[in-house]
$ cat query-v2.cif   # mmCIF, N, CA and C atoms
data_target
loop_
_atom_site.group_PDB
_atom_site.id
_atom_site.type_symbol
_atom_site.label_atom_id
_atom_site.label_comp_id
_atom_site.auth_asym_id
_atom_site.auth_seq_id
_atom_site.Cartn_x
_atom_site.Cartn_y
_atom_site.Cartn_z
ATOM 1 N N MET A 10 117.164 -81.236 -75.934
ATOM 2 C CA MET A 10 117.295 -82.439 -75.126
ATOM 3 C C MET A 10 117.835 -83.550 -76.008
ATOM 4 N N ASN A 11 119.092 -83.528 -76.291
ATOM 5 C CA ASN A 11 119.691 -84.486 -77.197
ATOM 6 C C ASN A 11 120.753 -85.330 -76.499
ATOM 7 N N ASP A 12 120.405 -85.926 -75.377
ATOM 8 C CA ASP A 12 121.308 -86.808 -74.646
ATOM 9 C C ASP A 12 121.352 -88.140 -75.385
ATOM 10 N N ILE A 13 122.545 -88.627 -75.668
ATOM 11 C CA ILE A 13 122.695 -89.856 -76.454
ATOM 12 C C ILE A 13 122.051 -91.064 -75.776
ATOM 13 N N ASN A 14 121.869 -91.029 -74.457
ATOM 14 C CA ASN A 14 121.275 -92.143 -73.729
ATOM 15 C C ASN A 14 119.763 -92.053 -73.650
ATOM 16 N N GLN A 15 119.171 -91.060 -74.239
ATOM 17 C CA GLN A 15 117.733 -90.859 -74.185
ATOM 18 C C GLN A 15 117.081 -91.400 -75.455
ATOM 19 N N ARG A 16 115.991 -92.120 -75.279
ATOM 20 C CA ARG A 16 115.266 -92.641 -76.445
ATOM 21 C C ARG A 16 114.495 -91.534 -77.164
ATOM 22 N N PHE A 17 113.975 -90.589 -76.390
ATOM 23 C CA PHE A 17 113.144 -89.536 -76.962
ATOM 24 C C PHE A 17 113.887 -88.208 -76.961
ATOM 25 N N GLU A 18 113.727 -87.449 -78.053
ATOM 26 C CA GLU A 18 114.353 -86.140 -78.193
ATOM 27 C C GLU A 18 113.291 -85.124 -78.581
ATOM 28 N N ALA A 19 113.393 -83.923 -78.049
ATOM 29 C CA ALA A 19 112.495 -82.828 -78.423
ATOM 30 C C ALA A 19 113.297 -81.792 -79.188
ATOM 31 N N PHE A 20 112.730 -81.308 -80.285
ATOM 32 C CA PHE A 20 113.404 -80.269 -81.061
ATOM 33 C C PHE A 20 112.394 -79.535 -81.941
ATOM 34 N N PRO A 21 112.755 -78.330 -82.394
ATOM 35 C CA PRO A 21 111.840 -77.551 -83.223
ATOM 36 C C PRO A 21 111.816 -78.064 -84.667
ATOM 37 N N ASP A 22 110.663 -77.889 -85.295
ATOM 38 C CA ASP A 22 110.567 -78.203 -86.723
ATOM 39 C C ASP A 22 110.778 -76.920 -87.531
ATOM 40 N N PRO A 23 110.877 -77.010 -88.839
ATOM 41 C CA PRO A 23 111.130 -75.817 -89.652
ATOM 42 C C PRO A 23 110.033 -74.750 -89.593
ATOM 43 N N MET A 24 108.835 -75.116 -89.152
ATOM 44 C CA MET A 24 107.719 -74.184 -89.097
ATOM 45 C C MET A 24 107.608 -73.470 -87.749
ATOM 46 N N GLY A 25 108.522 -73.783 -86.810
ATOM 47 C CA GLY A 25 108.504 -73.114 -85.517
ATOM 48 C C GLY A 25 107.743 -73.865 -84.434
ATOM 49 N N ASN A 26 107.136 -75.002 -84.786
ATOM 50 C CA ASN A 26 106.512 -75.857 -83.784
ATOM 51 C C ASN A 26 107.571 -76.797 -83.230
ATOM 52 N N TRP A 27 107.208 -77.573 -82.253
ATOM 53 C CA TRP A 27 108.132 -78.531 -81.668
ATOM 54 C C TRP A 27 107.588 -79.938 -81.817
ATOM 55 N N MET A 28 108.485 -80.913 -81.788
ATOM 56 C CA MET A 28 108.107 -82.316 -81.883
ATOM 57 C C MET A 28 108.949 -83.134 -80.918
ATOM 58 N N VAL A 29 108.465 -84.342 -80.633
ATOM 59 C CA VAL A 29 109.226 -85.313 -79.854
ATOM 60 C C VAL A 29 109.463 -86.502 -80.771
ATOM 61 N N TRP A 30 110.726 -86.876 -80.908
ATOM 62 C CA TRP A 30 111.134 -87.948 -81.820
ATOM 63 C C TRP A 30 111.507 -89.181 -81.021
ATOM 64 N N ASP A 31 111.045 -90.340 -81.482
ATOM 65 C CA ASP A 31 111.392 -91.632 -80.888
ATOM 66 C C ASP A 31 112.584 -92.172 -81.665
ATOM 67 N N CYS A 32 113.758 -92.106 -81.070
ATOM 68 C CA CYS A 32 114.993 -92.508 -81.755
ATOM 69 C C CYS A 32 115.055 -94.012 -82.004
ATOM 70 N N GLN A 33 114.381 -94.795 -81.178
ATOM 71 C CA GLN A 33 114.388 -96.244 -81.362
ATOM 72 C C GLN A 33 113.532 -96.657 -82.558
ATOM 73 N N ASN A 34 112.359 -96.064 -82.683
ATOM 74 C CA ASN A 34 111.450 -96.407 -83.780
ATOM 75 C C ASN A 34 111.626 -95.514 -85.000
ATOM 76 N N ASP A 35 112.468 -94.500 -84.885
ATOM 77 C CA ASP A 35 112.736 -93.566 -85.977
ATOM 78 C C ASP A 35 111.436 -92.982 -86.540
ATOM 79 N N ASP A 36 110.638 -92.454 -85.608
ATOM 80 C CA ASP A 36 109.336 -91.889 -85.955
ATOM 81 C C ASP A 36 108.928 -90.931 -84.842
ATOM 82 N N PHE A 37 107.834 -90.218 -85.066
ATOM 83 C CA PHE A 37 107.327 -89.349 -84.011
ATOM 84 C C PHE A 37 106.989 -90.186 -82.781
ATOM 85 N N ALA A 38 107.274 -89.653 -81.606
ATOM 86 C CA ALA A 38 106.860 -90.305 -80.373
ATOM 87 C C ALA A 38 105.342 -90.238 -80.290
ATOM 88 N N MET A 39 104.769 -91.191 -79.568
ATOM 89 C CA MET A 39 103.324 -91.214 -79.405
ATOM 90 C C MET A 39 102.979 -91.401 -77.935
ATOM 91 N N ILE A 40 101.939 -90.706 -77.515
ATOM 92 C CA ILE A 40 101.343 -90.935 -76.204
ATOM 93 C C ILE A 40 99.911 -91.345 -76.492
ATOM 94 N N GLY A 41 99.613 -92.613 -76.239
ATOM 95 C CA GLY A 41 98.326 -93.158 -76.654
ATOM 96 C C GLY A 41 98.280 -93.186 -78.167
ATOM 97 N N THR A 42 97.299 -92.523 -78.742
ATOM 98 C CA THR A 42 97.189 -92.452 -80.200
ATOM 99 C C THR A 42 97.636 -91.095 -80.747
ATOM 100 N N GLN A 43 98.136 -90.239 -79.866
ATOM 101 C CA GLN A 43 98.515 -88.871 -80.244
ATOM 102 C C GLN A 43 99.995 -88.785 -80.627
ATOM 103 N N ARG A 44 100.262 -88.408 -81.854
ATOM 104 C CA ARG A 44 101.648 -88.170 -82.272
ATOM 105 C C ARG A 44 102.138 -86.882 -81.624
ATOM 106 N N MET A 45 103.369 -86.882 -81.192
ATOM 107 C CA MET A 45 103.946 -85.728 -80.511
ATOM 108 C C MET A 45 104.619 -84.808 -81.526
ATOM 109 N N TRP A 46 103.793 -84.038 -82.241
ATOM 110 C CA TRP A 46 104.286 -83.070 -83.205
ATOM 111 C C TRP A 46 103.352 -81.871 -83.202
ATOM 112 N N MET A 47 103.797 -80.778 -83.790
ATOM 113 C CA MET A 47 103.051 -79.526 -83.788
ATOM 114 C C MET A 47 102.723 -79.081 -82.349
ATOM 115 N N LEU A 48 103.725 -79.179 -81.478
ATOM 116 C CA LEU A 48 103.572 -78.832 -80.068
ATOM 117 C C LEU A 48 104.254 -77.502 -79.775
ATOM 118 N N THR A 49 103.900 -76.918 -78.645
ATOM 119 C CA THR A 49 104.672 -75.785 -78.152
ATOM 120 C C THR A 49 105.974 -76.342 -77.582
ATOM 121 N N GLU A 50 106.942 -75.479 -77.417
ATOM 122 C CA GLU A 50 108.214 -75.919 -76.837
ATOM 123 C C GLU A 50 107.995 -76.515 -75.453
ATOM 124 N N GLN A 51 107.188 -75.862 -74.647
ATOM 125 C CA GLN A 51 106.939 -76.321 -73.279
ATOM 126 C C GLN A 51 106.314 -77.723 -73.271
ATOM 127 N N ARG A 52 105.343 -77.953 -74.116
ATOM 128 C CA ARG A 52 104.692 -79.268 -74.153
ATOM 129 C C ARG A 52 105.627 -80.342 -74.684
ATOM 130 N N ALA A 53 106.415 -80.014 -75.684
ATOM 131 C CA ALA A 53 107.353 -80.989 -76.239
ATOM 132 C C ALA A 53 108.407 -81.378 -75.213
ATOM 133 N N LEU A 54 108.956 -80.407 -74.514
ATOM 134 C CA LEU A 54 109.967 -80.710 -73.501
ATOM 135 C C LEU A 54 109.374 -81.517 -72.351
ATOM 136 N N ALA A 55 108.147 -81.193 -71.960
ATOM 137 C CA ALA A 55 107.485 -81.935 -70.882
ATOM 138 C C ALA A 55 107.189 -83.370 -71.319
ATOM 139 N N ALA A 56 106.687 -83.551 -72.535
ATOM 140 C CA ALA A 56 106.391 -84.892 -73.034
ATOM 141 C C ALA A 56 107.671 -85.717 -73.150
ATOM 142 N N CYS A 57 108.716 -85.110 -73.651
ATOM 143 C CA CYS A 57 109.999 -85.790 -73.801
ATOM 144 C C CYS A 57 110.538 -86.246 -72.446
ATOM 145 N N ALA A 58 110.530 -85.360 -71.481
ATOM 146 C CA ALA A 58 111.018 -85.695 -70.143
ATOM 147 C C ALA A 58 110.178 -86.803 -69.520
ATOM 148 N N THR A 59 108.872 -86.730 -69.707
ATOM 149 C CA THR A 59 107.976 -87.745 -69.148
ATOM 150 C C THR A 59 108.216 -89.101 -69.782
ATOM 151 N N LEU A 60 108.304 -89.148 -71.099
ATOM 152 C CA LEU A 60 108.531 -90.423 -71.785
ATOM 153 C C LEU A 60 109.862 -91.051 -71.390
ATOM 154 N N ASN A 61 110.916 -90.244 -71.321
ATOM 155 C CA ASN A 61 112.224 -90.783 -70.919
ATOM 156 C C ASN A 61 112.205 -91.237 -69.461
ATOM 157 N N ALA A 62 111.508 -90.516 -68.582
ATOM 158 C CA ALA A 62 111.411 -90.912 -67.178
ATOM 159 C C ALA A 62 110.628 -92.214 -67.034
ATOM 160 N N LEU A 63 109.592 -92.388 -67.829
ATOM 161 C CA LEU A 63 108.824 -93.638 -67.785
ATOM 162 C C LEU A 63 109.690 -94.822 -68.188
ATOM 163 N N LEU A 64 110.539 -94.638 -69.177
ATOM 164 C CA LEU A 64 111.440 -95.722 -69.583
ATOM 165 C C LEU A 64 112.395 -96.101 -68.464
ATOM 166 N N VAL A 65 112.909 -95.111 -67.760
ATOM 167 C CA VAL A 65 113.804 -95.380 -66.635
ATOM 168 C C VAL A 65 113.045 -96.157 -65.564
ATOM 169 N N ALA A 66 111.818 -95.755 -65.277
ATOM 170 C CA ALA A 66 111.011 -96.415 -64.250
ATOM 171 C C ALA A 66 110.714 -97.854 -64.638
ATOM 172 N N ILE A 67 110.486 -98.103 -65.922
ATOM 173 C CA ILE A 67 110.199 -99.465 -66.384
ATOM 174 C C ILE A 67 111.457 -100.332 -66.324
ATOM 175 N N ARG A 68 112.574 -99.759 -66.728
ATOM 176 C CA ARG A 68 113.845 -100.515 -66.764
ATOM 177 C C ARG A 68 114.439 -100.718 -65.374
ATOM 178 N N GLU A 69 114.284 -99.738 -64.515
ATOM 179 C CA GLU A 69 114.918 -99.769 -63.197
ATOM 180 C C GLU A 69 113.904 -99.398 -62.114
ATOM 181 N N PRO A 70 112.901 -100.243 -61.871
ATOM 182 C CA PRO A 70 111.861 -99.875 -60.906
ATOM 183 C C PRO A 70 112.402 -99.636 -59.500
ATOM 184 N N ALA A 71 113.424 -100.339 -59.083
ATOM 185 C CA ALA A 71 113.974 -100.136 -57.731
ATOM 186 C C ALA A 71 114.623 -98.770 -57.594
ATOM 187 N N ALA A 72 115.176 -98.229 -58.675
ATOM 188 C CA ALA A 72 115.830 -96.932 -58.628
ATOM 189 C C ALA A 72 114.828 -95.823 -58.329
ATOM 190 N N MET A 73 113.593 -96.000 -58.697
ATOM 191 C CA MET A 73 112.575 -94.994 -58.463
ATOM 192 C C MET A 73 112.175 -94.916 -56.994
ATOM 193 N N LEU A 74 112.479 -95.955 -56.223
ATOM 194 C CA LEU A 74 112.117 -95.987 -54.814
ATOM 195 C C LEU A 74 113.132 -95.277 -53.931
ATOM 196 N N LEU A 75 114.300 -95.025 -54.440
ATOM 197 C CA LEU A 75 115.365 -94.383 -53.650
ATOM 198 C C LEU A 75 115.132 -92.906 -53.487
#

$ encode --input "query-v2.cif" --output "structure tokens"
Amino acid sequence: MNDINQRFEAFPDPMGNWMVWDCQNDDFAMIGTQRMWMLTEQRALAACATLNALLVAIREPAAMLL
């Protein structure tokens, strides 16, 4: 999930786990106090999609109503 317009990216680490990276803060993405690293692929992709969707909803709340 490496779309240039997305703030968050999910990708595998060298150990075979997955992480979600916050491209704006140049650090691991966080949900609450939980860093998004050492995840399964499924969880990383789901977290990444959720975080990017939340940003769209915050930036364009009217678009979510359509």

$ closest_residue --input "query-v2.cif" --among "A:Phe37, A:Glu50, A:Leu64, A:Thr42" --to "Gly25 (chain A)" --atoms "all atoms listed in the file"
A:Glu50

$ select_by_dssp --input "query-v2.cif" --residues "chain A" --states "strand (DSSP E)" --output "list in words"
Phe17, Glu18, Ala19, Phe20, Pro21, Trp27, Met28, Val29, Trp30, Asp31, Asp36, Phe37, Met39, Ile40, Gln43 and Arg44 of chain A

$ atom_distance --input "query-v2.cif" --atom1 "CA of Arg44 (chain A)" --atom2 "CA of Met28 (chain A)"
8.7 Å

$ closest_residue --input "query-v2.cif" --among "A:Arg52, A:Asn26, A:Phe17, A:Ala58" --to "Ala38 (chain A)" --atoms "only N, CA and C atoms"
A:Phe17

$ atom_distance --input "query-v2.cif" --atom1 "CA of Met45 (chain A)" --atom2 "CA of Asn14 (chain A)"
19.7 Å

$ closest_residue --input "query-v2.cif" --among "A:Ile40, A:Leu48, A:Ala62, A:Leu54" --to "Ala19 (chain A)" --atoms "all atoms listed in the file"
A:Leu54

$ atom_distance --input "query-v2.cif" --atom1 "CA of Asn61 (chain A)" --atom2 "atom N of Trp27 (chain A)"
18.1 Å

$ axis_aligned_box --input "query-v2.cif" --around "region 58-67 of chain A" --padding-each-side "8 Å" --output "AutoDock Vina command-line options"
--center_x 110.9 --center_y -92.8 --center_z -68.0 --size_x 21.8 --size_y 31.0 --size_z 23.5

$ select_by_dssp --input "query-v2.cif" --residues "chain A" --states "alpha helix (DSSP H)" --output "list in words"
Glu50, Gln51, Arg52, Ala53, Leu54, Ala55, Ala56, Cys57, Ala58, Thr59, Leu60, Asn61, Ala62, Leu63, Leu64, Val65, Ala66, Ile67 and Arg68 of chain A

$ closest_residue --input "query-v2.cif" --among "A:Asp36, A:Arg16, A:Met24, A:Met47" --to "Leu60 (chain A)" --atoms "only N, CA and C atoms"
A:Arg16

$ closest_residue --input "query-v2.cif" --among "A:Trp30, A:Gly41, A:Pro23, A:Asp35" --to "Ala53 (chain A)" --atoms "only C-alpha atoms"
A:Trp30
